Amino acid sequence: MIYELGYHLLPTVGDDNVANEVLAIKEILSEIKAEVVSDEYPVLITLEYDMVKRIDTKNTKFNQAYFGWIKFETTPDMIDVLKKKLEIKKSLLRYLIITTVRENTLISKNPLAGNIINRSGKHVEVKEELAGSFDEEAVDTEIEKLVEDVETSSEEQGSEDKE
């Protein structure tokens, strides 16, 4: 199965040690025989609310953390092992593991390109060059064609109903 590990590293790790912490997390994934599919290097962010971590015997509040993620493939029985190994990492403020898909789920450069279904249920192919640009004339022309198709379809349906 494909999983994604989203994590917050403590801001006290510092820019110089973030790479070592990411490498340590990837080593844990390697230990559980996980294959890394993709990842995003952590960046320092301001948190929406303070998070508390118990360090030694004291609760410490953090309003910043390094956020990163790693998408990986492993067997479901290895997730509990992964969680146990992550729990003992002192540099992790918080983490979350979710199931996901292998494909990149970010919006593509041309999200309108490809096949879509209009309201009448007809498949319409949007041309790549139209999807990548916002030439008003070209958009208007394509809209007019779609409206004509719908009107023609409605007229044909109406004449069939009369028969």
# chains A, B, ... in the order shown; residues from 1 in each chain; ligands from 1
>>> closest_atom_pairs(of="region 48-94 of chain A", to="region 17-41 of chain A", cutoff="10 Å", atoms="only C-alpha atoms", output="CSV")
residue,atom,partner,partner_atom,distance
A:Tyr66,CA,A:Val18,CA,8.1
A:Phe67,CA,A:Tyr41,CA,8.0
A:Gly68,CA,A:Tyr41,CA,5.4
A:Trp69,CA,A:Glu40,CA,5.4
A:Ile70,CA,A:Asp39,CA,4.1
A:Lys71,CA,A:Ser38,CA,5.2
A:Phe72,CA,A:Val36,CA,4.2
A:Glu73,CA,A:Glu35,CA,5.1
A:Thr74,CA,A:Ala34,CA,4.7
A:Thr75,CA,A:Ala34,CA,7.9
A:Asp77,CA,A:Ile32,CA,9.8
A:Met78,CA,A:Ile32,CA,6.3
A:Ile79,CA,A:Ile32,CA,8.5
A:Val81,CA,A:Ile32,CA,7.4
A:Leu82,CA,A:Ile32,CA,7.0
A:Lys85,CA,A:Ile28,CA,7.2
A:Leu86,CA,A:Ile25,CA,7.9
A:Lys89,CA,A:Ile25,CA,9.0
A:Ser91,CA,A:Glu21,CA,7.6
A:Leu92,CA,A:Glu21,CA,9.0
>>> residues_around(residues="Thr46 (chain A)", least_positions_apart="5", cutoff="9 Å", atoms="only C-alpha atoms", output="MDAnalysis selection string")
chainID A and resid 63:66
>>> select_by_dssp(residues="region 64-99 of chain A", states="helix (DSSP H, G or I)", output="number ranges by chain")
A: 76-87
>>> closest_residue(among="A:Lys53, A:Leu44, A:Ile98, A:Thr60", to="Gly6 (chain A)", atoms="only C-alpha atoms")
A:Ile98
>>> atom_distance(atom1="CA of Thr100 (chain A)", atom2="CA of Lys84 (chain A)")
20.8 Å
>>> closest_residue(among="A:Glu151, A:Ile45, A:Lys83, A:Val101", to="Phe62 (chain A)", atoms="only C-alpha atoms")
A:Ile45
>>> closest_residue(among="A:Ile88, A:Met1, A:Glu103, A:Glu148", to="Arg54 (chain A)", atoms="only C-alpha atoms")
A:Ile88
>>> closest_residue(among="A:Thr99, A:Leu93, A:Glu136, A:Glu142", to="Asp50 (chain A)", atoms="only C-alpha atoms")
A:Leu93
